[in-house]
Structures are given as C-alpha cells and as structure tokens.
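Q: My questions will all concern the structure given below.
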Amino acid sequence: MLESQGDVSAKQNLANSVTVVVCAYTKDRWVTLRRAIDVALDQINCGDELIVIIDHNDALLARCHEYIGDFTVFPNRHSRGLSGARNTALDEAHGSIIVFLDDDAIPLDGWLDALRAPYADKYVYGVGGFAKPHWLSGQPGWFPEEYLWVVGCSHRGLSSGQHQVRNLVGANMSFRKAAFEHVGGFTEQLGRIGEQLFGCEETEFSIRLTQANPGAIILYEPSSQVEHHLAQHRASFSYFVRRCWAEGISKAEVSRRVGRSKALSTERHYVLRVLPRGIWNGLHDSACGDLWGMARSVAIAVGLLATAAGYCAGGFFRPSVSGRKAT
C-alpha cells in the first residue's frame with residue numbers, strides 16, 4: 001500500500017523532531033533563563049519540546065514549576081553538574097535531535113531552524129552554532145578575542161561559513177539522539193559544576209562519537225546564533241587565568257580517555273597559528289596607539305602558560321569535585 005502524503009510528512013516531522021534542553025543551577029540567572037525559555041518556545045515547531053533541568057537547587061526548581069509555559073521541568077537525577085543535568089535530559093527527551101542551550105544564552109532569529117536544517121544529511125550527527133558575547137559590564141580592553149572560549153563564546157580564529165569541526169561550543173549545540181544511544185551520554189567526571197570551572201565534556205563526547213562512528217559529521221553552522229550573557233565576574237583577570245588552568249586539567253583528562261592525538265588535534269593549529277597572530281595583532285594595535293593592545297598580547301601568553309600548566313598538572317591528578325561521582 002502506498003503511503004499518503006500526510007503519512008510521509010508525519011514521518012519526516014518525527015525524524016526531525018527537536019528537544020531543546022536548558023540546564024540551570026542558580027537563581028542568579030533567573031531573568032536570562034526565563035528569556036531563553038520564552039525565545040526558544042517561539043522557535044520550536046509542532047512535535048518539538050522544551051525541557052528544563054534544574055541541577056540540585058530546590059528553590060529554583062519550585063520557581064520553574066510556577067512559571068507558566070509549554071515546557072517540562074525535571075530535577076537532575078544524575079551526578080551534580082552540567083554533564084549530569086544533560087544526561088538527565090537525555091533520559092526524558094523524545095526528539096530525534098537534542099539541542100542544548102545555556103541558561104544565560106538567548107537565541108537570535110532563525111537559531112533553531114539553522115541548527116535543524118543540516119540534519120537532512122543522514123551523516124550529520126552534530127550541529128553547533130555561533131555564541132556571541134554580551135558583556136553585562138562591558139568587554140575588558142585587555143581581553144583577547146582569541147580567548148572567547150574562556151567565557152563560552154565563539155573565539156577569533158574560527159573559519160567562517162559552515163564547516164566540519166571536532167567539537168562544538170556547549171552554549172549552542174545539538175546532536176542526534178541516536179548518537180547518545182550509540183556511545184552513551186556525557187562523562188560526568190568532566191564538565192562544569194556550579195562555579196567550578198572544569199569543562200571539555202562536549203569535546204570528549206564528540207571525539208568518542210567520531211571514534212565509534214568514523215563517518216559521523218559534526219558541523220559548525222554560524223548562521224545559528226545565540227547571545228551569551230556574561231556576568232561581571234567573568235570579566236576579571238583572575239577568572240581568565242583560573243578558567244585557562246581548569247581547561248588544561250580538563251584537556252589532560254580528555255587525553256587520558258580518548259588519546260592525546262585526538263584530544264589536542266584542534267589545539268595544535270590554535271597554538272601555532274591563531275595565538276601568534278593574536279600576539280602580533282596586539283603589538284601592532286599598541287604601536288598604533290591602542291593602549292590595551294600590549295595587554296591583550298600579554299593576556300594571550302599568560303592564558304597559554306596557564307592552560308599548559310593545568311595540562312601538566314592534570315597528568316598527576318584528575319578533576320574531581322565534592323558531590324560528583326567519578327566515572
């Protein structure tokens with residue numbers, strides 16, 4: 001029996017159904033969390049869903065339950081932290097595409113459609129977009145844009161246009177649900193927990209996915225954009241250094257799990273090409289009268305040293321935080 005056009009359309013909608021996941025842990029971001037929910041709801045289609053996961057914060061959980069909207073709220077039932085919260089979402093999600101959005105990231109127009117479109121290619125297993133910084137206290141003059149990854153944004157040095165990448169920026173990323181069914185969820189020993197600054201859970205998962213399925217494609221799609229709101233404390237130099245140190249420790253753990261070659265494949269180009277160019281640009285800007293140019297060059301060097309030191313330290317101990325289970 002031939003399928004009707006309606007049956008075919010229904011199957012296509014099911015194949016491209018989306019679950020948007022927003023994970024939150026603090027009431028301090030309530031305003032942006034609420035805005036992220038509202039904007040995401042405006043962009044989802046019939047058959048899509050939005051899930052909010054609250055990471056071990058009963059007061060925030062109660063506030064989300066009181067907020068009226070077409071979304072579902074669950075407490076994190078896994079280990080405390082972002083990875084555990086995301087894994088809780090995977091337990092509950094019904095969509096064939098899982099979209100992860102930070103609680104302080106506001107989608108811009110066309111965000112979800114741009115993430116969804118590349119999945120028409122069956123070999124595409126992950127799609128991520130551009131995270132634009134919105135500094136609530138203004139961007140510090142010393143802060144180099146080559147290090148915007150420190151605050152969860154897309155950094156200078158990324159290629160323009162859609163292209164294949166090793167891993168995605170966690171503030172604006174998506175994967176097929178089948179990817180998680182194939183290789184498991186996020187490693188809960190990695191990733192942010194409260195104000196602790198460990199990360200790289202997205203990197204480790206992406207590498208694990210492509211190792212298990214070499215034909216899987218992970219794409220960067222810059223037309224899918226979010227505005228990442230950055231609190232004042234992220235503009236401090238101490239935060240910058242601590243985040244670089246934590247990144248180094250996290251990268252060492254990723255190397256231990258998936259191999260150094262894969263874990264540092266993107267970083268080699270970044271260190272050898274992007275950072276020297278950034279240092280030169282800072283010095284050039286300083287010579288042209290920009291008083292902060294030299295400071296940006298120094299920050300690039302300090303950030304590299306802090307990350308490298310963290311990586312070396314990570315060879316002797318593994319990231320662990322009270323309240324999180326080792327995996």
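By convention here, the chains of the structure tokens are called A, B, ... in the order presented, each chain's residues are numbered starting at 1, and ligands are numbered starting at 1 in the order presented.
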Name the residues of stretch 151-233 of chain A that come out as alpha helix (DSSP H) in a backbone DSSP run; write them as a list in words.

A: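 Assigned to alpha helix (DSSP H), within stretch 151-233 of chain A: Lys177, Ala178, Ala179, Phe180, Glu181, His182, Val183, Glu201, Glu202, Thr203, Glu204, Phe205, Ser206, Ile207, Arg208, Leu209, Thr210, Gln211 and Ala212 of chain A.
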
Q: Can you write out the residues you just picked, keeping N, CA and C atoms, as a PDB file, in the first residue's frame?

A:
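Saved file part-v4.pdb follows:
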```
ATOM      1  N   LYS A 177      19.819  12.180  18.756  1.00  0.00           N
ATOM      2  CA  LYS A 177      19.656  11.343  19.944  1.00  0.00           C
ATOM      3  C   LYS A 177      20.311   9.985  19.726  1.00  0.00           C
ATOM      4  N   ALA A 178      20.330   9.521  18.482  1.00  0.00           N
ATOM      5  CA  ALA A 178      20.949   8.238  18.157  1.00  0.00           C
ATOM      6  C   ALA A 178      22.424   8.218  18.520  1.00  0.00           C
ATOM      7  N   ALA A 179      23.076   9.392  18.510  1.00  0.00           N
ATOM      8  CA  ALA A 179      24.492   9.451  18.879  1.00  0.00           C
ATOM      9  C   ALA A 179      24.681   9.032  20.333  1.00  0.00           C
ATOM     10  N   PHE A 180      23.806   9.490  21.199  1.00  0.00           N
ATOM     11  CA  PHE A 180      23.899   9.139  22.610  1.00  0.00           C
ATOM     12  C   PHE A 180      23.512   7.683  22.848  1.00  0.00           C
ATOM     13  N   GLU A 181      22.564   7.209  22.071  1.00  0.00           N
ATOM     14  CA  GLU A 181      22.176   5.804  22.195  1.00  0.00           C
ATOM     15  C   GLU A 181      23.314   4.885  21.759  1.00  0.00           C
ATOM     16  N   HIS A 182      24.165   5.398  20.878  1.00  0.00           N
ATOM     17  CA  HIS A 182      25.264   4.593  20.334  1.00  0.00           C
ATOM     18  C   HIS A 182      26.482   4.574  21.259  1.00  0.00           C
ATOM     19  N   VAL A 183      26.850   5.740  21.812  1.00  0.00           N
ATOM     20  CA  VAL A 183      28.097   5.813  22.590  1.00  0.00           C
ATOM     21  C   VAL A 183      27.891   6.244  24.037  1.00  0.00           C
ATOM     22  N   GLU A 201      33.573  18.431  28.427  1.00  0.00           N
ATOM     23  CA  GLU A 201      32.699  17.265  28.273  1.00  0.00           C
ATOM     24  C   GLU A 201      32.159  17.158  26.854  1.00  0.00           C
ATOM     25  N   GLU A 202      31.932  18.309  26.197  1.00  0.00           N
ATOM     26  CA  GLU A 202      31.464  18.280  24.810  1.00  0.00           C
ATOM     27  C   GLU A 202      32.557  17.758  23.880  1.00  0.00           C
ATOM     28  N   THR A 203      33.812  18.161  24.156  1.00  0.00           N
ATOM     29  CA  THR A 203      34.932  17.687  23.345  1.00  0.00           C
ATOM     30  C   THR A 203      35.087  16.180  23.464  1.00  0.00           C
ATOM     31  N   GLU A 204      35.078  15.682  24.692  1.00  0.00           N
ATOM     32  CA  GLU A 204      35.256  14.244  24.912  1.00  0.00           C
ATOM     33  C   GLU A 204      34.134  13.446  24.256  1.00  0.00           C
ATOM     34  N   PHE A 205      32.894  13.936  24.389  1.00  0.00           N
ATOM     35  CA  PHE A 205      31.777  13.219  23.763  1.00  0.00           C
ATOM     36  C   PHE A 205      31.909  13.217  22.245  1.00  0.00           C
ATOM     37  N   SER A 206      32.243  14.352  21.667  1.00  0.00           N
ATOM     38  CA  SER A 206      32.349  14.454  20.208  1.00  0.00           C
ATOM     39  C   SER A 206      33.418  13.521  19.662  1.00  0.00           C
ATOM     40  N   ILE A 207      34.565  13.466  20.345  1.00  0.00           N
ATOM     41  CA  ILE A 207      35.635  12.575  19.898  1.00  0.00           C
ATOM     42  C   ILE A 207      35.220  11.120  20.041  1.00  0.00           C
ATOM     43  N   ARG A 208      34.577  10.813  21.155  1.00  0.00           N
ATOM     44  CA  ARG A 208      34.107   9.435  21.375  1.00  0.00           C
ATOM     45  C   ARG A 208      33.114   9.031  20.293  1.00  0.00           C
ATOM     46  N   LEU A 209      32.263   9.970  19.884  1.00  0.00           N
ATOM     47  CA  LEU A 209      31.279   9.685  18.833  1.00  0.00           C
ATOM     48  C   LEU A 209      31.960   9.386  17.504  1.00  0.00           C
ATOM     49  N   THR A 210      32.918  10.223  17.099  1.00  0.00           N
ATOM     50  CA  THR A 210      33.556  10.018  15.793  1.00  0.00           C
ATOM     51  C   THR A 210      34.529   8.842  15.807  1.00  0.00           C
ATOM     52  N   GLN A 211      35.046   8.486  16.971  1.00  0.00           N
ATOM     53  CA  GLN A 211      35.858   7.273  17.051  1.00  0.00           C
ATOM     54  C   GLN A 211      34.999   6.038  16.848  1.00  0.00           C
ATOM     55  N   ALA A 212      33.796   6.046  17.422  1.00  0.00           N
ATOM     56  CA  ALA A 212      32.894   4.903  17.288  1.00  0.00           C
ATOM     57  C   ALA A 212      32.239   4.858  15.912  1.00  0.00           C
TER      58      ALA A 212
END
```

Q: Show me, as JSON, numbers by chain, the residues that have an atom within 7 Å of stretch 88-102 of chain A when counting only C-alpha atoms, minus same-chain residues fewer than 6 positions from it.

A: {"A": [15, 16, 17, 18, 19, 20, 21, 22, 23, 48, 53, 76, 77, 78, 171, 172, 173, 174, 175, 176, 177]}

Q: Quick one: everything within 8 Å of stretch 273-280 of chain A, counting only C-alpha atoms, minus sequence neighbours fewer than 4 positions away in the same chain. Send it as a VMD selection string.

A: chain A and resid 144 146 156 to 157 269 284 296 to 298 300 to 301

Q: Need to verify the contact set: stretch 184-195 of chain A, 6 Å, only C-alpha atoms, exclusion of same-chain residues closer than 3 positions in sequence. Can you return it as a PyMOL selection string?

A: chain A and resi 81-84+87+180-181+198-199+201+326-327

Q: Run DSSP on the backbone and grab whatever in stretch 65-301 of chain A lands in strand (DSSP E or B); send it over as a PyMOL selection string.

A: chain A and resi 72-75+97-102+105-107+124-135+163-164+172-176+193+196+217-230

Q: Output N, CA and C atoms for every residue in that selection, as a compact mmCIF listing (two decimals), in the first residue's frame.

A:
```txt
# COMPACT_ATOMS: atom_id res chain seq x y z
N THR A 72 8.60 21.42 30.15
CA THR A 72 8.60 20.49 31.27
C THR A 72 9.86 20.69 32.09
N VAL A 73 9.73 20.60 33.40
CA VAL A 73 10.85 20.80 34.31
C VAL A 73 11.14 19.50 35.06
N PHE A 74 12.44 19.16 35.12
CA PHE A 74 12.86 17.97 35.86
C PHE A 74 14.06 18.33 36.74
N PRO A 75 14.19 17.69 37.90
CA PRO A 75 15.43 17.83 38.67
C PRO A 75 16.51 16.93 38.09
N ILE A 97 16.44 14.95 17.60
CA ILE A 97 17.57 15.89 17.66
C ILE A 97 17.52 16.57 19.03
N ILE A 98 18.64 16.52 19.75
CA ILE A 98 18.71 17.13 21.08
C ILE A 98 19.52 18.41 20.97
N VAL A 99 18.90 19.53 21.31
CA VAL A 99 19.54 20.84 21.24
C VAL A 99 19.82 21.32 22.66
N PHE A 100 21.07 21.70 22.93
CA PHE A 100 21.46 22.18 24.24
C PHE A 100 21.68 23.69 24.20
N LEU A 101 21.04 24.38 25.13
CA LEU A 101 21.11 25.83 25.21
C LEU A 101 21.44 26.22 26.65
N ASP A 102 22.45 27.09 26.84
CA ASP A 102 22.80 27.54 28.18
C ASP A 102 21.70 28.42 28.77
N ALA A 105 22.11 32.06 27.69
CA ALA A 105 22.27 32.28 26.25
C ALA A 105 20.90 32.51 25.63
N ILE A 106 20.74 33.61 24.92
CA ILE A 106 19.46 33.98 24.32
C ILE A 106 19.52 33.74 22.81
N PRO A 107 18.67 32.85 22.27
CA PRO A 107 18.70 32.59 20.82
C PRO A 107 18.32 33.83 20.02
N VAL A 124 25.21 13.62 9.14
CA VAL A 124 25.42 14.68 10.13
C VAL A 124 24.87 14.23 11.47
N TYR A 125 25.74 14.17 12.46
CA TYR A 125 25.35 13.73 13.80
C TYR A 125 25.41 14.85 14.84
N GLY A 126 25.99 15.97 14.48
CA GLY A 126 26.06 17.10 15.41
C GLY A 126 26.12 18.40 14.66
N VAL A 127 25.43 19.42 15.17
CA VAL A 127 25.46 20.76 14.57
C VAL A 127 25.51 21.78 15.71
N GLY A 128 26.45 22.70 15.62
CA GLY A 128 26.55 23.77 16.60
C GLY A 128 26.64 25.11 15.92
N GLY A 129 26.34 26.15 16.68
CA GLY A 129 26.33 27.48 16.09
C GLY A 129 27.24 28.47 16.78
N PHE A 130 27.03 29.72 16.45
CA PHE A 130 27.86 30.82 16.92
C PHE A 130 27.34 31.33 18.26
N ALA A 131 28.24 31.54 19.21
CA ALA A 131 27.88 32.12 20.51
C ALA A 131 28.51 33.50 20.60
N LYS A 132 27.67 34.51 20.56
CA LYS A 132 28.11 35.90 20.54
C LYS A 132 28.18 36.44 21.97
N PRO A 133 29.31 37.04 22.37
CA PRO A 133 29.40 37.54 23.75
C PRO A 133 28.58 38.81 23.96
N HIS A 134 27.90 38.85 25.09
CA HIS A 134 27.22 40.07 25.53
C HIS A 134 27.71 40.37 26.94
N TRP A 135 28.71 41.24 27.05
CA TRP A 135 29.34 41.55 28.33
C TRP A 135 28.44 42.49 29.11
N HIS A 163 31.30 24.50 8.27
CA HIS A 163 32.41 23.58 8.05
C HIS A 163 32.42 22.51 9.13
N GLN A 164 33.13 21.44 8.85
CA GLN A 164 33.22 20.32 9.78
C GLN A 164 34.21 20.65 10.90
N ASN A 172 25.57 26.45 22.53
CA ASN A 172 24.71 26.40 21.35
C ASN A 172 25.11 25.20 20.51
N MET A 173 24.60 24.03 20.88
CA MET A 173 25.00 22.81 20.18
C MET A 173 23.85 21.82 20.14
N SER A 174 23.95 20.86 19.23
CA SER A 174 22.92 19.83 19.10
C SER A 174 23.55 18.54 18.58
N PHE A 175 22.89 17.42 18.89
CA PHE A 175 23.30 16.11 18.39
C PHE A 175 22.06 15.27 18.12
N ARG A 176 22.21 14.31 17.22
CA ARG A 176 21.15 13.31 17.08
C ARG A 176 21.04 12.52 18.38
N ILE A 193 30.48 22.35 37.23
CA ILE A 193 29.62 22.09 38.37
C ILE A 193 29.57 23.36 39.21
N GLN A 196 32.58 25.91 39.72
CA GLN A 196 33.83 25.23 39.37
C GLN A 196 34.00 25.28 37.86
N ILE A 217 29.51 13.16 10.92
CA ILE A 217 29.94 14.53 10.65
C ILE A 217 29.40 15.45 11.74
N ILE A 218 30.29 16.30 12.26
CA ILE A 218 29.90 17.33 13.22
C ILE A 218 30.17 18.68 12.55
N LEU A 219 29.14 19.50 12.45
CA LEU A 219 29.23 20.75 11.69
C LEU A 219 29.13 21.98 12.58
N TYR A 220 29.88 23.00 12.20
CA TYR A 220 29.71 24.34 12.74
C TYR A 220 28.88 25.13 11.74
N GLU A 221 27.73 25.66 12.20
CA GLU A 221 26.83 26.41 11.35
C GLU A 221 26.66 27.82 11.94
N PRO A 222 27.46 28.79 11.48
CA PRO A 222 27.49 30.11 12.11
C PRO A 222 26.21 30.92 11.97
N SER A 223 25.30 30.51 11.08
CA SER A 223 24.04 31.25 10.96
C SER A 223 23.09 30.96 12.12
N SER A 224 23.37 29.90 12.88
CA SER A 224 22.62 29.64 14.12
C SER A 224 23.34 30.37 15.24
N GLN A 225 22.69 31.39 15.80
CA GLN A 225 23.39 32.26 16.74
C GLN A 225 22.63 32.45 18.04
N VAL A 226 23.40 32.52 19.12
CA VAL A 226 22.85 32.90 20.43
C VAL A 226 23.69 34.06 20.97
N GLU A 227 23.08 34.83 21.84
CA GLU A 227 23.78 35.90 22.54
C GLU A 227 24.04 35.42 23.95
N HIS A 228 25.32 35.21 24.27
CA HIS A 228 25.70 34.64 25.56
C HIS A 228 25.96 35.78 26.54
N HIS A 229 25.09 35.90 27.56
CA HIS A 229 25.22 36.96 28.55
C HIS A 229 26.31 36.62 29.56
N LEU A 230 27.25 37.53 29.73
CA LEU A 230 28.44 37.28 30.55
C LEU A 230 28.42 38.18 31.78
```

Q: Smallest atom-to-atom distance to A:Cys153: which of A:Arg234, A:Arg116, A:His65, A:Arg86, using only C-alpha atoms?

A: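 Residue with the minimum atom-to-atom distance to A:Cys153: A:Arg234.
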
Q: For atom CA of A:Ile54 and atom CA of A:Ala85, quote the distance in Å rounded to one decimal.

A: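 Spanning atom CA of A:Ile54 to atom CA of A:Ala85 is a straight-line distance of 7.2 Å.
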
Q: Choose the residue, out of A:Val271, A:Leu158, A:Leu61, A:Ala252, that has the smallest atom-to-atom separation from A:Thr26; count only C-alpha atoms.

A: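 Closest to A:Thr26 of all the choices is A:Leu61.
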